[in-house]
Structure formats: C-alpha cells, structure tokens
Amino acid sequence: MQQQPSLIQGAMPVEVAALREALEGREDQTLHGFSFSTGTVEGHPLVVSATQIGTLNAALSTAVGIGAYAPRAVINQGLAGAHVEELAVGDLVVGTATVALHGMQSPARAAGEGFAPFDWVFDPRSVPI
C-alpha cells in the first residue's frame, strides 16, 4: 500500500524553495492557480505547496491540496515576515504566544508612511479570541 504524503506549505516561493529542491523525483503542477510539487525525501512522500500570501489564499490552497493529495498531515511553515540574521534555513522557532493578525483592521495611511501596528483595531466582524 502506498503511504499518504505529508503536505508542507509556505506562503512565498522563498519559504518553500529549499524543500522543493530537496524533493527526489520531483514533479510540479498547478491546480486552481496554486503550485504544488510532489516527490520524496528519504523515502517519505511529500507535497510542497506555495499558498501565496494571505489567510484566504492559505485556506484555498490547503483545501485544494487536501482534495488532490489526501495528505496524512498538513504542515504550514514559513517566515511570518521575519528577516532576522540569527535565523537560518531549517531553524525551528517555537512561539510562546500567538496573535490573530488576520482579524485586525489597519487605518489607511498615505503612500510611503509604512504601517503602524499599534494603531490596528480588532475587526468586530471577526470571531473573538
């Protein structure tokens, strides 16, 4: 019996590039606008997916991946916007807390003003946490 693959996801191509390069017998395909690569690493079947940025894209890509590959596990990994010199590809960071930023509203700012996370407000349409 063939072993079910694990689905490993990252939002941006840079977050999945090393995983894709490690796949033996790699095959690439695009399903519903999302890129998937299949293959094995040390005999373990994997599907690597670039979900694209955003909660909606992650949800859609995950649903497409589950429907197409019936994975035994789904692992979402990536940078989460971090660009820290102390971290290298393959490092594991374990958080002690989480913030649901997808439920935040950011007031409009003029071009070039960047963002101000301390001005963000919780979107009242979201489910409270």
# chains A, B, ... in the order shown; residues from 1 in each chain; ligands from 1

$ residues_around --residues "stretch 10-12 of chain A" --least-positions-apart "3" --cutoff "10 Å" --atoms "only C-alpha atoms" --output "PyMOL selection string"
chain A and resi 15-17+19+48-55+57-58+61+75-80

$ residues_around --residues "A:Gly43" --least-positions-apart "4" --cutoff "12 Å" --atoms "only C-alpha atoms" --output "CSV table (one decimal) with N, CA and C atoms, in the first residue's frame"
chain,number,residue,atom,x,y,z
A,2,GLN,N,0.5,2.2,-0.8
A,2,GLN,CA,1.3,3.4,-0.9
A,2,GLN,C,1.0,4.4,0.3
A,3,GLN,N,2.1,4.9,0.9
A,3,GLN,CA,1.9,5.8,2.0
A,3,GLN,C,1.4,7.1,1.6
A,4,GLN,N,0.5,7.7,2.4
A,4,GLN,CA,-0.1,9.0,2.1
A,4,GLN,C,1.0,10.1,2.3
A,5,PRO,N,1.0,11.1,1.5
A,5,PRO,CA,2.1,12.1,1.6
A,5,PRO,C,1.7,13.1,2.8
A,22,ALA,N,14.9,19.8,-2.4
A,22,ALA,CA,15.2,18.5,-1.7
A,22,ALA,C,14.4,17.3,-2.2
A,23,LEU,N,13.3,17.6,-2.9
A,23,LEU,CA,12.4,16.5,-3.4
A,23,LEU,C,13.1,15.6,-4.4
A,24,GLU,N,13.1,14.3,-4.2
A,24,GLU,CA,13.6,13.4,-5.2
A,24,GLU,C,12.5,13.0,-6.1
A,25,GLY,N,12.7,12.9,-7.4
A,25,GLY,CA,11.7,12.5,-8.3
A,25,GLY,C,10.6,13.6,-8.4
A,39,GLY,N,7.1,14.6,-4.5
A,39,GLY,CA,8.3,13.8,-4.6
A,39,GLY,C,8.5,13.1,-3.2

$ atom_distance --atom1 "atom CA of A:Thr30" --atom2 "atom CA of A:His44"
21.7 Å

$ select_by_dssp --residues "chain A" --states "strand (DSSP E)" --output "number ranges by chain"
A: 6-10, 24-31, 34-41, 44-50, 73-76, 104-105, 121-122

$ residues_around --residues "A:Ser6" --least-positions-apart "3" --cutoff "7 Å" --atoms "only C-alpha atoms" --output "ChimeraX atom specification"
/A:45-47,71-74

$ atom_distance --atom1 "atom CA of A:Ala63" --atom2 "atom CA of A:Glu21"
23.9 Å

$ select_by_dssp --residues "stretch 21-120 of chain A" --states "helix (DSSP H, G or I)" --output "number ranges by chain"
A: 21-22, 55-69, 101-103, 117-119

$ write_last_selection --atoms "N, CA and C atoms" --output "PDB file, in the first residue's frame"
ATOM      1  N   GLU A  21      13.650  21.882  -3.680  1.00  0.00           N
ATOM      2  CA  GLU A  21      14.939  21.415  -4.199  1.00  0.00           C
ATOM      3  C   GLU A  21      15.325  20.064  -3.604  1.00  0.00           C
ATOM      4  N   ALA A  22      14.862  19.781  -2.387  1.00  0.00           N
ATOM      5  CA  ALA A  22      15.209  18.522  -1.714  1.00  0.00           C
ATOM      6  C   ALA A  22      14.381  17.335  -2.207  1.00  0.00           C
ATOM      7  N   THR A  55      -4.596  34.938   4.408  1.00  0.00           N
ATOM      8  CA  THR A  55      -5.394  33.888   5.026  1.00  0.00           C
ATOM      9  C   THR A  55      -6.298  33.188   4.022  1.00  0.00           C
ATOM     10  N   LEU A  56      -6.930  33.962   3.148  1.00  0.00           N
ATOM     11  CA  LEU A  56      -7.831  33.367   2.160  1.00  0.00           C
ATOM     12  C   LEU A  56      -7.070  32.447   1.215  1.00  0.00           C
ATOM     13  N   ASN A  57      -5.912  32.903   0.708  1.00  0.00           N
ATOM     14  CA  ASN A  57      -5.107  32.060  -0.176  1.00  0.00           C
ATOM     15  C   ASN A  57      -4.650  30.793   0.537  1.00  0.00           C
ATOM     16  N   ALA A  58      -4.237  30.927   1.792  1.00  0.00           N
ATOM     17  CA  ALA A  58      -3.798  29.750   2.550  1.00  0.00           C
ATOM     18  C   ALA A  58      -4.937  28.745   2.694  1.00  0.00           C
ATOM     19  N   ALA A  59      -6.136  29.239   2.991  1.00  0.00           N
ATOM     20  CA  ALA A  59      -7.285  28.343   3.143  1.00  0.00           C
ATOM     21  C   ALA A  59      -7.636  27.664   1.819  1.00  0.00           C
ATOM     22  N   LEU A  60      -7.653  28.438   0.735  1.00  0.00           N
ATOM     23  CA  LEU A  60      -7.979  27.866  -0.575  1.00  0.00           C
ATOM     24  C   LEU A  60      -6.946  26.836  -1.004  1.00  0.00           C
ATOM     25  N   SER A  61      -5.670  27.196  -0.882  1.00  0.00           N
ATOM     26  CA  SER A  61      -4.604  26.286  -1.281  1.00  0.00           C
ATOM     27  C   SER A  61      -4.627  25.007  -0.447  1.00  0.00           C
ATOM     28  N   THR A  62      -4.891  25.142   0.844  1.00  0.00           N
ATOM     29  CA  THR A  62      -4.976  23.967   1.715  1.00  0.00           C
ATOM     30  C   THR A  62      -6.119  23.060   1.280  1.00  0.00           C
ATOM     31  N   ALA A  63      -7.271  23.641   0.980  1.00  0.00           N
ATOM     32  CA  ALA A  63      -8.420  22.846   0.529  1.00  0.00           C
ATOM     33  C   ALA A  63      -8.111  22.134  -0.785  1.00  0.00           C
ATOM     34  N   VAL A  64      -7.458  22.839  -1.712  1.00  0.00           N
ATOM     35  CA  VAL A  64      -7.086  22.227  -2.992  1.00  0.00           C
ATOM     36  C   VAL A  64      -6.103  21.078  -2.750  1.00  0.00           C
ATOM     37  N   GLY A  65      -5.099  21.315  -1.898  1.00  0.00           N
ATOM     38  CA  GLY A  65      -4.104  20.285  -1.602  1.00  0.00           C
ATOM     39  C   GLY A  65      -4.698  19.060  -0.933  1.00  0.00           C
ATOM     40  N   ILE A  66      -5.605  19.267   0.005  1.00  0.00           N
ATOM     41  CA  ILE A  66      -6.253  18.137   0.676  1.00  0.00           C
ATOM     42  C   ILE A  66      -7.099  17.352  -0.319  1.00  0.00           C
ATOM     43  N   GLY A  67      -7.835  18.069  -1.162  1.00  0.00           N
ATOM     44  CA  GLY A  67      -8.672  17.395  -2.147  1.00  0.00           C
ATOM     45  C   GLY A  67      -7.882  16.604  -3.172  1.00  0.00           C
ATOM     46  N   ALA A  68      -6.745  17.140  -3.585  1.00  0.00           N
ATOM     47  CA  ALA A  68      -5.953  16.499  -4.638  1.00  0.00           C
ATOM     48  C   ALA A  68      -5.046  15.387  -4.126  1.00  0.00           C
ATOM     49  N   TYR A  69      -4.504  15.532  -2.912  1.00  0.00           N
ATOM     50  CA  TYR A  69      -3.466  14.607  -2.452  1.00  0.00           C
ATOM     51  C   TYR A  69      -3.843  13.790  -1.215  1.00  0.00           C
ATOM     52  N   LEU A 101      -3.538  38.226  13.733  1.00  0.00           N
ATOM     53  CA  LEU A 101      -3.493  39.484  12.984  1.00  0.00           C
ATOM     54  C   LEU A 101      -4.455  39.507  11.813  1.00  0.00           C
ATOM     55  N   HIS A 102      -4.908  38.342  11.356  1.00  0.00           N
ATOM     56  CA  HIS A 102      -5.836  38.332  10.233  1.00  0.00           C
ATOM     57  C   HIS A 102      -7.174  38.956  10.603  1.00  0.00           C
ATOM     58  N   GLY A 103      -7.446  39.160  11.876  1.00  0.00           N
ATOM     59  CA  GLY A 103      -8.690  39.776  12.307  1.00  0.00           C
ATOM     60  C   GLY A 103      -8.525  41.240  12.673  1.00  0.00           C
ATOM     61  N   PRO A 117       1.445  49.106  13.450  1.00  0.00           N
ATOM     62  CA  PRO A 117       0.672  48.036  14.081  1.00  0.00           C
ATOM     63  C   PRO A 117       0.020  48.417  15.401  1.00  0.00           C
ATOM     64  N   PHE A 118       0.535  49.418  16.096  1.00  0.00           N
ATOM     65  CA  PHE A 118      -0.084  49.809  17.362  1.00  0.00           C
ATOM     66  C   PHE A 118      -1.369  50.604  17.150  1.00  0.00           C
ATOM     67  N   ASP A 119      -1.641  50.998  15.904  1.00  0.00           N
ATOM     68  CA  ASP A 119      -2.891  51.685  15.561  1.00  0.00           C
ATOM     69  C   ASP A 119      -3.960  50.714  15.077  1.00  0.00           C
TER      70      ASP A 119
END
